[in-house]
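Report on the following structure.
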Amino acid sequence: LRKVTVHVQDRDRTWTIVGEEGDFFKDTKNLELRRNVVLTSDDGLRLETSVLRWQGAERRMWTDAPVKLFREGTVIDGTALDVRMADEATTVKGPVRATFRRGQGQ
């Protein structure tokens, strides 16, 4: 796939994910997006990476590539990311660098 845009609706959030190319595996509902991948959510989160994968059966999103997250004046840089939707657990792997700006989004 080229110039991919994916819209995801969860219980209380909506995400849009874009990437320059990707693969969708219909049987498993797994997805891999590559090159300039950007995820934005309706609650103000922005994620940037070069590769982002979705595993449908486990409701898991992850990347082993460097990742940058932005939200309300906070910037988090890590070497990888693992999100387990069913557990509502997000892990940024390191080394991790976080920057917090006062007064942003308050």
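Just remember, in the structure tokens the first chain shown is A, the second B, etc., residues are 1-based per chain, and ligands are 1-based in the order shown.
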
Any idea what's packed within 12 Å of Val67 in chain A, counting only C-alpha atoms, ignoring anything in its chain fewer than 6 positions away? Could you give it as a PDB file with C-alpha atoms, in the first residue's frame?
ATOM      1  CA  ASN A  36       7.338   8.895   8.170  1.00  0.00           C
ATOM      2  CA  VAL A  37       4.658   7.273  10.312  1.00  0.00           C
ATOM      3  CA  VAL A  38       2.599   9.736  12.357  1.00  0.00           C
ATOM      4  CA  LEU A  39      -0.196   8.817  14.767  1.00  0.00           C
ATOM      5  CA  ARG A  46       1.125  12.718  18.540  1.00  0.00           C
ATOM      6  CA  LEU A  47       3.540   9.849  17.860  1.00  0.00           C
ATOM      7  CA  GLU A  48       6.294   9.852  15.223  1.00  0.00           C
ATOM      8  CA  THR A  49       8.373   6.859  14.108  1.00  0.00           C
ATOM      9  CA  SER A  50       9.645   5.139  10.967  1.00  0.00           C
ATOM     10  CA  VAL A  51       7.780   1.822  11.454  1.00  0.00           C
ATOM     11  CA  LEU A  52       4.582   1.011  13.348  1.00  0.00           C
ATOM     12  CA  VAL A  75       8.046  15.263  24.588  1.00  0.00           C
ATOM     13  CA  ILE A  76       9.234  11.677  25.128  1.00  0.00           C
ATOM     14  CA  ASP A  77      11.974  10.100  23.002  1.00  0.00           C
ATOM     15  CA  GLY A  78      12.651   6.367  23.168  1.00  0.00           C
ATOM     16  CA  THR A  79      14.232   3.564  21.200  1.00  0.00           C
ATOM     17  CA  ALA A  80      11.048   1.455  20.937  1.00  0.00           C
ATOM     18  CA  LEU A  81       7.372   1.377  21.934  1.00  0.00           C
ATOM     19  CA  ASP A  82       4.943  -1.364  22.977  1.00  0.00           C
ATOM     20  CA  THR A  91       5.937   0.982  27.464  1.00  0.00           C
ATOM     21  CA  VAL A  92       8.551   3.282  25.954  1.00  0.00           C
ATOM     22  CA  LYS A  93      11.880   1.480  25.844  1.00  0.00           C
ATOM     23  CA  GLY A  94      15.139   3.251  26.404  1.00  0.00           C
ATOM     24  CA  PRO A  95      17.250   4.958  26.870  1.00  0.00           C
ATOM     25  CA  VAL A  96      14.313   7.344  27.261  1.00  0.00           C
ATOM     26  CA  ARG A  97      14.452  11.131  27.318  1.00  0.00           C
ATOM     27  CA  ALA A  98      11.483  13.201  28.500  1.00  0.00           C
TER      28      ALA A  98
END

Neighbours of range 6-16 of chain A within 12 Å (only C-alpha atoms; same-chain residues fewer than 6 positions away dropped), as a PDB file with N, CA and C atoms, in the first residue's frame?
ATOM      1  N   GLY A  22       2.845   0.698   3.414  1.00  0.00           N
ATOM      2  CA  GLY A  22       2.489  -0.280   4.428  1.00  0.00           C
ATOM      3  C   GLY A  22       1.957  -1.566   3.833  1.00  0.00           C
ATOM      4  N   ASP A  23       1.723  -2.513   4.713  1.00  0.00           N
ATOM      5  CA  ASP A  23       1.156  -3.805   4.343  1.00  0.00           C
ATOM      6  C   ASP A  23       0.012  -4.119   5.294  1.00  0.00           C
ATOM      7  N   PHE A  24      -1.109  -4.596   4.732  1.00  0.00           N
ATOM      8  CA  PHE A  24      -2.248  -5.037   5.525  1.00  0.00           C
ATOM      9  C   PHE A  24      -2.450  -6.515   5.250  1.00  0.00           C
ATOM     10  N   LEU A  31      -1.173  -5.138  10.586  1.00  0.00           N
ATOM     11  CA  LEU A  31      -0.827  -3.996   9.752  1.00  0.00           C
ATOM     12  C   LEU A  31       0.588  -3.561  10.072  1.00  0.00           C
ATOM     13  N   GLU A  32       1.333  -3.171   9.053  1.00  0.00           N
ATOM     14  CA  GLU A  32       2.641  -2.557   9.244  1.00  0.00           C
ATOM     15  C   GLU A  32       2.707  -1.310   8.382  1.00  0.00           C
ATOM     16  N   LEU A  33       3.001  -0.172   9.003  1.00  0.00           N
ATOM     17  CA  LEU A  33       3.189   1.089   8.287  1.00  0.00           C
ATOM     18  C   LEU A  33       4.653   1.472   8.377  1.00  0.00           C
ATOM     19  N   VAL A  37       5.918   7.672   9.686  1.00  0.00           N
ATOM     20  CA  VAL A  37       4.658   7.273  10.312  1.00  0.00           C
ATOM     21  C   VAL A  37       4.305   8.276  11.414  1.00  0.00           C
ATOM     22  N   VAL A  38       3.082   8.783  11.355  1.00  0.00           N
ATOM     23  CA  VAL A  38       2.599   9.736  12.357  1.00  0.00           C
ATOM     24  C   VAL A  38       1.220   9.281  12.826  1.00  0.00           C
ATOM     25  N   LEU A  39       1.083   9.137  14.143  1.00  0.00           N
ATOM     26  CA  LEU A  39      -0.196   8.817  14.767  1.00  0.00           C
ATOM     27  C   LEU A  39      -0.647  10.050  15.533  1.00  0.00           C
ATOM     28  N   THR A  40      -1.905  10.444  15.345  1.00  0.00           N
ATOM     29  CA  THR A  40      -2.489  11.532  16.134  1.00  0.00           C
ATOM     30  C   THR A  40      -3.784  11.021  16.749  1.00  0.00           C
ATOM     31  N   SER A  41      -4.078  11.499  17.953  1.00  0.00           N
ATOM     32  CA  SER A  41      -5.317  11.094  18.616  1.00  0.00           C
ATOM     33  C   SER A  41      -6.165  12.315  18.910  1.00  0.00           C
ATOM     34  N   ASP A  42      -7.452  12.077  19.135  1.00  0.00           N
ATOM     35  CA  ASP A  42      -8.362  13.184  19.419  1.00  0.00           C
ATOM     36  C   ASP A  42      -8.148  13.773  20.809  1.00  0.00           C
ATOM     37  N   ASP A  43      -7.324  13.123  21.640  1.00  0.00           N
ATOM     38  CA  ASP A  43      -7.027  13.682  22.962  1.00  0.00           C
ATOM     39  C   ASP A  43      -5.656  14.363  23.025  1.00  0.00           C
ATOM     40  N   GLY A  44      -5.070  14.659  21.853  1.00  0.00           N
ATOM     41  CA  GLY A  44      -3.872  15.488  21.806  1.00  0.00           C
ATOM     42  C   GLY A  44      -2.545  14.769  21.707  1.00  0.00           C
ATOM     43  N   LEU A  45      -2.538  13.468  21.600  1.00  0.00           N
ATOM     44  CA  LEU A  45      -1.293  12.717  21.474  1.00  0.00           C
ATOM     45  C   LEU A  45      -0.810  12.731  20.032  1.00  0.00           C
ATOM     46  N   ARG A  46       0.502  12.852  19.858  1.00  0.00           N
ATOM     47  CA  ARG A  46       1.125  12.718  18.540  1.00  0.00           C
ATOM     48  C   ARG A  46       2.322  11.793  18.709  1.00  0.00           C
ATOM     49  N   LEU A  47       2.443  10.804  17.830  1.00  0.00           N
ATOM     50  CA  LEU A  47       3.540   9.849  17.860  1.00  0.00           C
ATOM     51  C   LEU A  47       4.213   9.872  16.498  1.00  0.00           C
ATOM     52  N   LEU A  52       5.567   1.278  12.299  1.00  0.00           N
ATOM     53  CA  LEU A  52       4.582   1.011  13.348  1.00  0.00           C
ATOM     54  C   LEU A  52       3.792  -0.225  12.938  1.00  0.00           C
ATOM     55  N   TRP A  54       0.735  -3.232  13.934  1.00  0.00           N
ATOM     56  CA  TRP A  54      -0.480  -3.560  14.686  1.00  0.00           C
ATOM     57  C   TRP A  54      -0.719  -5.051  14.554  1.00  0.00           C
ATOM     58  N   ARG A  59      -4.386  -7.114  19.962  1.00  0.00           N
ATOM     59  CA  ARG A  59      -4.630  -5.673  20.120  1.00  0.00           C
ATOM     60  C   ARG A  59      -3.359  -4.996  20.630  1.00  0.00           C
ATOM     61  N   MET A  85      -3.347  -2.729  24.139  1.00  0.00           N
ATOM     62  CA  MET A  85      -4.639  -2.061  24.290  1.00  0.00           C
ATOM     63  C   MET A  85      -5.513  -2.727  25.354  1.00  0.00           C
ATOM     64  N   ALA A  86      -5.567  -4.041  25.388  1.00  0.00           N
ATOM     65  CA  ALA A  86      -6.429  -4.744  26.341  1.00  0.00           C
ATOM     66  C   ALA A  86      -6.030  -4.443  27.782  1.00  0.00           C
ATOM     67  N   GLU A  88      -4.391  -1.674  28.613  1.00  0.00           N
ATOM     68  CA  GLU A  88      -4.195  -0.226  28.695  1.00  0.00           C
ATOM     69  C   GLU A  88      -2.795   0.090  29.206  1.00  0.00           C
TER      70      GLU A  88
END

Nearest to Arg84 in chain A among A:Arg71, A:Glu58, A:Leu1, A:Thr63, with distances taken over only C-alpha atoms: which residue is it?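 Among the listed residues, the smallest separation from Arg84 in chain A belongs to A:Glu58.
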
One decimal, in Å: what's the spacing between CA of Ala89 in chain A and CA of Thr28 in chain A? 22.1 Å

Kindly indicate which residue among A:Thr5, A:Thr90, A:Asn30, A:Thr99 lies nearest to Phe70 in chain A, using only C-alpha atoms for the distances.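 Smallest distance to Phe70 in chain A is found for A:Thr99.
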